[in-house]
Amino acid sequence: MSVPDDLPVLEVTALEKHFGGLFALSKLDIAVRRGEIVSVIGPNGAGKSTLFNVITGIYEPDGGDVRYMGESIVGLRPHQLVKLGIARTFQSVRLFANMTILENAMVGQHCRARGGVFGSILRTPGIRDEEERIKERAIEALGFFGPRLSGYRMDQPAFSLSYANRRRLEMARAMATDPYLILLDEPTAGMNPRETLELRDHIVRMRDELGLTVVVIEHDMRVVKGVSDRVIACDYGQKIAEGTYDEVAHDERVVEAYLGTKATE
Amino acid sequence: MADREGGVARVADVRMSRFERLPWRRIILLILSIGLITLTIIGSVATLSKPPGEGGYSGATWAGFVVDGISQGAIYALIAIGYTLVYGILRMINFAHGEVMMTGAFAGFFFAAAYAESGFLNRHPITAMLIVTLAALIVSMIVAVLLERIAYRPLRNAPRLVPLITAIGASLFIQNAFRGFFGPQARGFPRPDILIGNVELFGLEIPKVRILVVVVGLVCMVLLQGFVARTRTGRSMRAVAQDREIASLMGIDVNRVIMITFAVGGILAGIAAVLFATTFEQVRFDMGFKVGIAAFTAAVLGGIGSIGGAVLGGFLLGLLQAIGPALILSGFGIPSPFALKDAFTFLVLVLVLVYRPGGLLGTGEQEKV
Amino acid sequence: MNRVVKAGLAGGAVTIFLGLVGLIERFADLSLVGEQVTFSRLILVVAPFIVGYAVGRPRVEHGERRSITAREALLWGAVAGAVAGALVGVAAVAVDAFGVERVRAVFIQVTQGLIDFVTLGLEPPIVGAIGLTAISAVAGVLGGAMHVVPDRIRKPIVSAIATILALGFLQRVVPVAMAEIDLETDWLYTSAGLTWFGAAVIGGIAAGVSILKTWKGDVIRDAIRGTTTGSQIGVEGSAPRGGTSVLRTVILGGAAVGLFVLPLVVGSVVSERLGTVMVFILLGLGLNIVVGYAGLLDLGYVAFFAFGAYATGILTGGMLNSFEGITPPVIHADLSFYVALPIVVLLAAFVGMLIGAPVLRLRGDYLALVTLGLGEMVSVLVASPWLTPLVGGPAGMRDISDAAIGGISFRDPKNFYFLALAFVILALFVSRRLYRSRIGRAWTAMREDEQTADAMGISTTSYKLLAFAMGGAIGSIGGALFAVKIGSITPASFQVFVSLQVLGIVILGGLGSLPGVVVGALVLVGLPGILREFEEYSFLAYGAALVIVMLLRPQGLVPNVRRTRELQEEERAQDAWAAEKEQEAAVEGVST
């Protein structure tokens, strides 16, 4: 079955979400095409994380639609969406702290396997092969970040990692789900400048080497400038600008929304 | 990922079957709800349509049930307040609160028995009962505070499971300690003569003791509400319940407030204990368990964390317990519906927690962790 | 000094408590060694001893660990012990002055005999109280001395005393076992506990073993440890640590052989008890999946136990005791146990999912209470008049299959032990395999962070249901076995306490730890079973044990490595993070 190249991977139309009287998302329209890296920027509280939460099924929208590959995914549960190929990371790193690094990554591969109860108990050859494959894929995903998450490190508990490595592990775990679309929520928050630039390159590699479509929520404009094909600016749950980095960075409304917190080039 | 197929082939995986899209949980819950409501209606109609003596009940009997229910509800409410206060402050269920009540009952018993023997109980019933109640509430209060100090305080920051287990252990321990102290048999709790018999109100014969229970219960609830809402200590309690850390930063001695919370819960439980013992005329080492669970159900029913909820839940549960089995189960021809009273209570607990964990006065949504 | 006095008061309070509860009086005649060392006398000195030990421990003062000098340890031990004894003595004197009978009207265990005992039989009581104080002071000194005496003297002594006491307590069991294998017991036991000679021999052996352990202990420990550490979930095939695998095989092999030979050695009575222990190990393993692996707090496990037992009864021709005599239940079948069992298990799994379904969204405490409620409902229902035609009401069910194969009846305790053992091994196998599989990984992830697990592709609903189903299945096997064991069941065996007992087993042993479940069952079910005289106090001890374990060692007796990590997470995270930061700074400092 062939799919037209210009079918948006992700399409959000007239999306609405409110909590009581607070409108987190207000008639939001976003489209992301295959192989794009789109950044979503905006001041805190603009509803960006809420957008991710709605897309990934953690919240249900109060209005509008979310389409993935042309099909509406509203109402599907988060774990179902992962199977469909949508992966995400969280703003506050949510690792399985007491599991090892390798185990964290293997959890990512969970949805790509089918091992059932009886197979697991009996350890049939099919299951054993599957476990091998899970392990390999997980190691592969971890390897994306170089030696930092590989080798002897893999057997260490996740809580022993440094902050930057935790963020990387979170991303590796998301990548281990064999996604098609990956949503990164403030991936460089808390990282130092060197780590930030390194991550910027990683994000581009995600698209170039692995063919992923990426949507990134970011505050650091160096990253936004360095990775984005398109930038979408939001404030108060509404889209206030869209375009290339330069277009959006100089947009009056965007500057106003940030009140001068734009990072200088 | 390096050897993944191109985007085209993957779209085939994208379609999700209709089957998987169905909101199963909602469907099942809906079916369950309809089923339960139907059963309730059928049972009730069946019971009400039967004449008294053939499985039905007379109007007077129903009235009796209602009175019993309200009176029992007052007792539940007092104990439920204890649960809800502790939960509000520590977010933990004080599993041993039923035992706190039991200790008060025994303390009261020894005084009451002595007074009954000497005749003091009937010569000056009010004074006697006041002393009995005082003894009960003091002991309950001490036990509650000791419990907090020894078993709960060291575990304040432990993962949730740990204090729960401790509470269960404490409950078992206290129960059996008292069994060891005072013996496994039930002891008869004397009732002063003036409380024996009925009174006529609204054309009904109502046992005097039941009226006393409701009156005393209401008075306590009002006093407690005033305490929590108007006094400085009450304000501190509410502050600590909202946000422990900030409260301590505002200069509130959190440990003391927590101790006071347990103490207040204990006092109310002690009063409830005397009311309970007087109503049923006996005390036993295991009386706390069932009453405790019922009271906790009441607290959850009304909305845990809220005093109004505890009160509402208490009365409501009392009524449900008194009327429910008779009303619904008799209709189905189930023999001795009252033997299933406890099962009925637990069913209510389960239903409340499944449908509306926040309780009647709660938000209807579970706290998002 | 303040805390020393407080400790003494606490110790004295504990002794008074034990007296009020009746422990001292009840066992006044239980002699452990000869006729002199009775249980009651032991109680009197144990509290001061422990208190003396406790105050002599190295303390953390102003952030520094400070050890106590010998003089301080002994002195404080003496003081604490004396205070403890004095408190008890004063209480006894007070009771005597007030009138023993009057006190007895309230605290029924306080008899003249008790007071006489506590005051050492001396008149007037105050003299006895002083004597008690003196004795307690000595006990306290000995307790404190435990810190002063060097290890190589202390350990053998402690081993010797502990072993002597243990064998003293087991005076009903050990001689019987020895008699079964035709060993002479007269030198060791009389009708009243150990003989002094026997005690000396045992003490000597124990001390010897202890000395041996100090020399060679590490070697032995490594050999055993190789099996419990170094194993990760979901990563099958991680190599065992430790070099001496030969020794390890020998030890494990010995244990396995021991397991099989056990019932032949210990006699019918103990075999019967072991059979019960096996059933509870099975229950523990089932609950371990629900609580330990999936993190679902289930307080109503007795429901599955009851279901398994009654369903087995119904399907294998069990009969009800009713007014008309012995009648079959409304629904019944007369299948072989081995045909009925799979049916029961499947049904139980299904019921497990039914129970799990509505409670999926509930959080910790709420889940606990709902399951408690459900368990209670089952308890009430099986005794109710309503279900009497089906399950027999308070009189219960009888004539349940004895699961006979080829003429071997499993009603015989020795045979039953093996039947139960077989299922236990099966359950252990299944548990271990599940834990190390993708499913086990999913459960662990769910336990760590449910929302994130969901967001990573794990259908939490399905896996929770699976946990309930598996737990239910295994629990029902336990119930089925229980029904076979005695052949008749009554609602009395299916009360809420069973749920708490099984939960205690799992937690005491260590959540998620398979050896822990075994140890937990041995301690919580085996001990009370063997020490039958103490059965009355088992609930009390049980409650106290739960509280104490949670306060002191919440990770359990044989902790699952991961679980200990979870409970010490904060500490280690900070340490590790700090260390990593330092390291990175160092590296950066070098490279720039």
# chains A, B, ... in the order shown; residues from 1 in each chain; ligands from 1
$ residues_around --residues "stretch 35-37 of chain A" --least-positions-apart "4" --cutoff "12 Å" --atoms "only C-alpha atoms" --output "PyMOL selection string"
(chain A and resi 5-10+31+180-184+200+203-217+223-232+244-245) or (chain B and resi 6-7)
$ select_by_dssp --residues "stretch 65-213 of chain C" --states "alpha helix (DSSP H)" --output "MDAnalysis selection string"
chainID C and resid 70:98 100:104 112:118 125:148 151:169 174:180 196:213
$ closest_atom_pairs --of "chain A" --to "chain C" --cutoff "8 Å" --atoms "only C-alpha atoms" --output "tab-separated table"
residue	atom	partner	partner_atom	distance
A:Thr56	CA	C:Ala455	CA	7.7
A:Pro78	CA	C:Ala455	CA	5.1
A:His79	CA	C:Gly457	CA	3.9
A:Gln80	CA	C:Gly457	CA	6.6
A:Leu81	CA	C:Gly457	CA	7.6
A:Val82	CA	C:Gly457	CA	5.1
A:Lys83	CA	C:Gly457	CA	6.4
A:Ala87	CA	C:Met456	CA	7.4
A:Arg88	CA	C:Ala455	CA	7.8
A:Arg94	CA	C:Thr452	CA	6.7
A:Leu95	CA	C:Thr452	CA	7.9
A:Phe96	CA	C:Glu448	CA	5.8
A:Ala97	CA	C:Glu448	CA	7.5
A:Asn98	CA	C:Glu566	CA	6.2
A:Met99	CA	C:Arg562	CA	7.9
A:Glu103	CA	C:Gly234	CA	7.4
A:Val107	CA	C:Arg441	CA	6.8
A:Gly108	CA	C:Met456	CA	5.9
A:His110	CA	C:Gly457	CA	6.7
A:Cys111	CA	C:Gly457	CA	5.3
A:Gly115	CA	C:Arg438	CA	7.1
A:Gly116	CA	C:Ile439	CA	7.9
A:Val117	CA	C:Ile439	CA	7.5
A:Ser120	CA	C:Ser437	CA	6.0
A:Ile121	CA	C:Arg433	CA	5.2
A:Leu122	CA	C:Arg433	CA	7.7
A:Arg123	CA	C:Arg433	CA	7.9
A:Glu131	CA	C:Arg438	CA	7.6
A:Phe159	CA	C:Ala573	CA	5.4
A:Ser160	CA	C:Ala576	CA	5.1
A:Leu161	CA	C:Trp577	CA	6.5
A:Ser162	CA	C:Trp577	CA	5.5
A:Tyr163	CA	C:Trp577	CA	7.9
A:Ala174	CA	C:Met456	CA	7.2
A:Thr177	CA	C:Met456	CA	7.5
$ residues_around --residues "stretch 295-312 of chain C" --least-positions-apart "6" --cutoff "7 Å" --atoms "only C-alpha atoms" --output "PyMOL selection string"
chain C and resi 340-341+344+348+364+367-368+371-372+374-375+378+391+447+472+475-480+482-483+494+496+498-500
$ residues_around --residues "B:Asp68" --least-positions-apart "4" --cutoff "9 Å" --atoms "only C-alpha atoms" --output "VMD selection string"
chain B and resid 63 to 64 72 to 73 210 318 to 319 322
$ interface_residues --of "chain B" --to "chain C" --cutoff "6 Å" --atoms "only C-alpha atoms" --output "VMD selection string"
chain B and resid 166 169 to 170 172 to 173 176 180 to 182 334 to 335 343 346 350
$ interface_residues --of "chain A" --to "chain B" --cutoff "8 Å" --atoms "only C-alpha atoms" --output "number ranges by chain"
A: 1-3, 69, 71, 75-76, 84-85, 137, 140-141, 178, 209-210
$ write_last_selection --atoms "N, CA, C and O atoms" --output "short mmCIF file (atom, residue, chain, number, x, y, z; two decimals), in the first residue's frame"
data_model
loop_
_atom_site.label_atom_id
_atom_site.label_comp_id
_atom_site.auth_asym_id
_atom_site.auth_seq_id
_atom_site.Cartn_x
_atom_site.Cartn_y
_atom_site.Cartn_z
N MET A 1 0.86 -1.19 0.00
CA MET A 1 0.00 0.00 0.00
C MET A 1 0.88 1.23 0.00
O MET A 1 1.73 1.39 0.87
N SER A 2 0.74 2.05 -0.97
CA SER A 2 1.64 3.19 -1.04
C SER A 2 0.99 4.41 -0.43
O SER A 2 -0.22 4.59 -0.46
N VAL A 3 1.83 5.21 0.11
CA VAL A 3 1.36 6.43 0.78
C VAL A 3 1.98 7.63 0.07
O VAL A 3 3.18 7.63 -0.19
N MET A 69 -0.39 9.79 10.18
CA MET A 69 -0.46 9.07 8.90
C MET A 69 -1.88 9.06 8.35
O MET A 69 -2.32 8.07 7.77
N GLU A 71 -4.65 8.98 9.89
CA GLU A 71 -5.72 8.39 10.70
C GLU A 71 -5.82 9.07 12.05
O GLU A 71 -4.81 9.35 12.68
N GLY A 75 -8.09 9.17 21.42
CA GLY A 75 -8.74 8.10 22.16
C GLY A 75 -7.88 6.87 22.32
O GLY A 75 -8.20 5.98 23.11
N LEU A 76 -6.80 6.81 21.56
CA LEU A 76 -5.92 5.67 21.73
C LEU A 76 -5.06 5.88 22.97
O LEU A 76 -4.72 6.99 23.32
N LEU A 84 2.32 2.14 17.30
CA LEU A 84 2.13 2.73 15.98
C LEU A 84 3.36 3.48 15.51
O LEU A 84 3.47 3.82 14.35
N GLY A 85 4.27 3.75 16.43
CA GLY A 85 5.51 4.39 16.01
C GLY A 85 5.71 5.80 16.52
O GLY A 85 6.53 6.53 15.99
N ARG A 137 18.81 -4.84 19.59
CA ARG A 137 18.23 -3.55 19.23
C ARG A 137 18.48 -2.52 20.31
O ARG A 137 18.75 -1.35 20.04
N GLU A 140 21.92 -1.37 20.20
CA GLU A 140 22.06 -0.48 19.04
C GLU A 140 21.58 0.92 19.39
O GLU A 140 22.23 1.92 19.09
N ALA A 141 20.40 0.99 20.02
CA ALA A 141 19.86 2.30 20.38
C ALA A 141 20.79 3.03 21.34
O ALA A 141 21.04 4.22 21.21
N ASP A 178 11.72 1.73 18.19
CA ASP A 178 11.60 1.70 16.72
C ASP A 178 10.51 2.65 16.25
O ASP A 178 9.57 2.24 15.57
N GLU A 209 20.31 9.78 9.76
CA GLU A 209 20.75 8.37 9.73
C GLU A 209 19.59 7.40 9.91
O GLU A 209 19.61 6.30 9.40
N LEU A 210 18.61 7.80 10.67
CA LEU A 210 17.57 6.84 11.02
C LEU A 210 16.22 7.13 10.37
O LEU A 210 15.27 6.38 10.55
#
$ residues_around --residues "stretch 237-253 of chain B" --least-positions-apart "3" --cutoff "9 Å" --atoms "only C-alpha atoms" --output "PyMOL selection string"
chain B and resi 85-91+228-229+232-234+256-258+260-261+305
$ write_last_selection --atoms "all heavy atoms" --output "CSV table (one decimal), in the first residue's frame"
chain,number,residue,atom,x,y,z
B,85,LEU,N,-8.8,12.6,59.1
B,85,LEU,CA,-7.8,13.6,59.6
B,85,LEU,C,-6.4,13.1,59.4
B,85,LEU,O,-5.5,13.8,58.9
B,85,LEU,CB,-8.0,13.9,61.1
B,85,LEU,CG,-9.2,14.7,61.5
B,85,LEU,CD1,-9.3,14.8,63.0
B,85,LEU,CD2,-9.1,16.1,60.9
B,86,VAL,N,-6.2,11.9,59.8
B,86,VAL,CA,-4.8,11.3,59.6
B,86,VAL,C,-4.5,11.2,58.1
B,86,VAL,O,-3.4,11.5,57.7
B,86,VAL,CB,-4.7,9.9,60.3
B,86,VAL,CG1,-3.5,9.2,59.8
B,86,VAL,CG2,-4.8,10.0,61.8
B,87,TYR,N,-5.4,10.8,57.3
B,87,TYR,CA,-5.2,10.7,55.9
B,87,TYR,C,-4.8,12.1,55.3
B,87,TYR,O,-3.9,12.2,54.5
B,87,TYR,CB,-6.3,10.1,55.1
B,87,TYR,CG,-6.0,9.8,53.7
B,87,TYR,CD1,-5.3,8.6,53.4
B,87,TYR,CD2,-6.2,10.7,52.7
B,87,TYR,CE1,-5.0,8.3,52.1
B,87,TYR,CE2,-5.9,10.4,51.4
B,87,TYR,CZ,-5.3,9.2,51.1
B,87,TYR,OH,-4.9,8.9,49.8
B,88,GLY,N,-5.6,13.1,55.7
B,88,GLY,CA,-5.4,14.4,55.2
B,88,GLY,C,-4.0,14.9,55.5
B,88,GLY,O,-3.3,15.5,54.7
B,89,ILE,N,-3.5,14.5,56.7
B,89,ILE,CA,-2.2,15.0,57.1
B,89,ILE,C,-1.0,14.2,56.6
B,89,ILE,O,0.0,14.7,56.2
B,89,ILE,CB,-2.1,15.1,58.6
B,89,ILE,CG1,-2.8,16.4,59.1
B,89,ILE,CG2,-0.7,15.1,59.2
B,89,ILE,CD1,-2.3,17.0,60.3
B,90,LEU,N,-1.2,12.9,56.7
B,90,LEU,CA,0.0,12.0,56.3
B,90,LEU,C,-0.2,11.2,55.1
B,90,LEU,O,0.7,10.5,54.7
B,90,LEU,CB,0.2,11.0,57.5
B,90,LEU,CG,0.8,11.6,58.7
B,90,LEU,CD1,1.0,10.5,59.8
B,90,LEU,CD2,2.1,12.3,58.4
B,91,ARG,N,-1.4,11.3,54.4
B,91,ARG,CA,-1.7,10.6,53.3
B,91,ARG,C,-1.5,9.1,53.5
B,91,ARG,O,-1.1,8.3,52.7
B,91,ARG,CB,-0.8,10.9,52.1
B,91,ARG,CG,-1.0,12.3,51.6
B,91,ARG,CD,-2.3,12.6,50.8
B,91,ARG,NE,-2.3,13.9,50.3
B,91,ARG,CZ,-2.8,15.0,51.0
B,91,ARG,NH1,-3.3,14.8,52.2
B,91,ARG,NH2,-2.8,16.2,50.5
B,228,VAL,N,-11.5,22.9,64.1
B,228,VAL,CA,-10.6,22.9,63.0
B,228,VAL,C,-10.7,24.2,62.2
B,228,VAL,O,-9.8,24.7,61.7
B,228,VAL,CB,-11.0,21.7,62.0
B,228,VAL,CG1,-10.3,21.8,60.7
B,228,VAL,CG2,-10.6,20.4,62.7
B,229,ALA,N,-11.9,24.7,62.2
B,229,ALA,CA,-12.1,25.9,61.3
B,229,ALA,C,-11.7,27.2,62.0
B,229,ALA,O,-11.2,28.1,61.4
B,229,ALA,CB,-13.6,26.0,60.9
B,232,ARG,N,-6.5,28.3,66.3
B,232,ARG,CA,-5.2,28.4,65.7
B,232,ARG,C,-4.6,27.0,65.4
B,232,ARG,O,-4.1,26.7,64.3
B,232,ARG,CB,-4.2,29.1,66.6
B,232,ARG,CG,-3.2,30.0,65.9
B,232,ARG,CD,-2.5,30.8,66.9
B,232,ARG,NE,-1.1,30.4,66.9
B,232,ARG,CZ,-0.4,30.1,68.0
B,232,ARG,NH1,-1.0,30.2,69.2
B,232,ARG,NH2,0.8,29.8,67.9
B,233,THR,N,-4.8,26.1,66.3
B,233,THR,CA,-4.4,24.7,66.1
B,233,THR,C,-5.1,24.1,64.9
B,233,THR,O,-4.4,23.4,64.1
B,233,THR,CB,-4.7,23.9,67.4
B,233,THR,OG1,-4.4,24.6,68.5
B,233,THR,CG2,-3.8,22.6,67.3
B,234,GLY,N,-6.3,24.3,64.8
B,234,GLY,CA,-7.1,23.8,63.7
B,234,GLY,C,-6.5,24.3,62.4
B,234,GLY,O,-6.4,23.6,61.4
B,256,ARG,N,4.3,18.4,66.2
B,256,ARG,CA,3.3,18.6,67.3
B,256,ARG,C,1.9,18.6,66.6
B,256,ARG,O,1.0,18.0,67.2
B,256,ARG,CB,3.5,20.0,67.9
B,256,ARG,CG,3.0,20.0,69.4
B,256,ARG,CD,3.3,21.4,70.0
B,256,ARG,NE,2.4,22.4,69.4
B,256,ARG,CZ,1.3,22.8,70.1
B,256,ARG,NH1,1.0,22.4,71.2
B,256,ARG,NH2,0.5,23.7,69.5
B,257,VAL,N,1.8,19.2,65.5
B,257,VAL,CA,0.5,19.2,64.8
B,257,VAL,C,0.0,17.8,64.5
B,257,VAL,O,-1.2,17.4,64.7
B,257,VAL,CB,0.5,20.0,63.5
B,257,VAL,CG1,-0.7,19.8,62.7
B,257,VAL,CG2,0.6,21.5,63.9
B,258,ILE,N,1.0,17.0,64.0
B,258,ILE,CA,0.6,15.6,63.7
B,258,ILE,C,0.2,14.9,64.9
B,258,ILE,O,-0.8,14.1,64.9
B,258,ILE,CB,1.8,14.9,63.0
B,258,ILE,CG1,2.0,15.5,61.6
B,258,ILE,CG2,1.5,13.4,62.8
B,258,ILE,CD1,3.1,14.9,60.8
B,260,ILE,N,-1.2,16.1,67.6
B,260,ILE,CA,-2.5,16.6,67.9
B,260,ILE,C,-3.6,16.0,67.1
B,260,ILE,O,-4.6,15.6,67.5
B,260,ILE,CB,-2.5,18.2,67.9
B,260,ILE,CG1,-1.6,18.7,68.9
B,260,ILE,CG2,-4.0,18.7,68.0
B,260,ILE,CD1,-1.6,20.2,69.0
B,261,THR,N,-3.3,15.9,65.8
B,261,THR,CA,-4.2,15.2,64.9
B,261,THR,C,-4.6,13.8,65.4
B,261,THR,O,-5.8,13.5,65.4
B,261,THR,CB,-3.7,15.2,63.5
B,261,THR,OG1,-3.2,16.4,63.1
B,261,THR,CG2,-4.7,14.7,62.5
B,305,GLY,N,-10.3,12.9,53.4
B,305,GLY,CA,-9.5,14.1,53.5
B,305,GLY,C,-10.5,15.2,53.9
B,305,GLY,O,-10.0,16.3,54.3
$ residues_around --residues "C:Ala207" --least-positions-apart "6" --cutoff "10 Å" --atoms "only C-alpha atoms" --output "PyMOL selection string"
chain C and resi 153-161+163+201+213
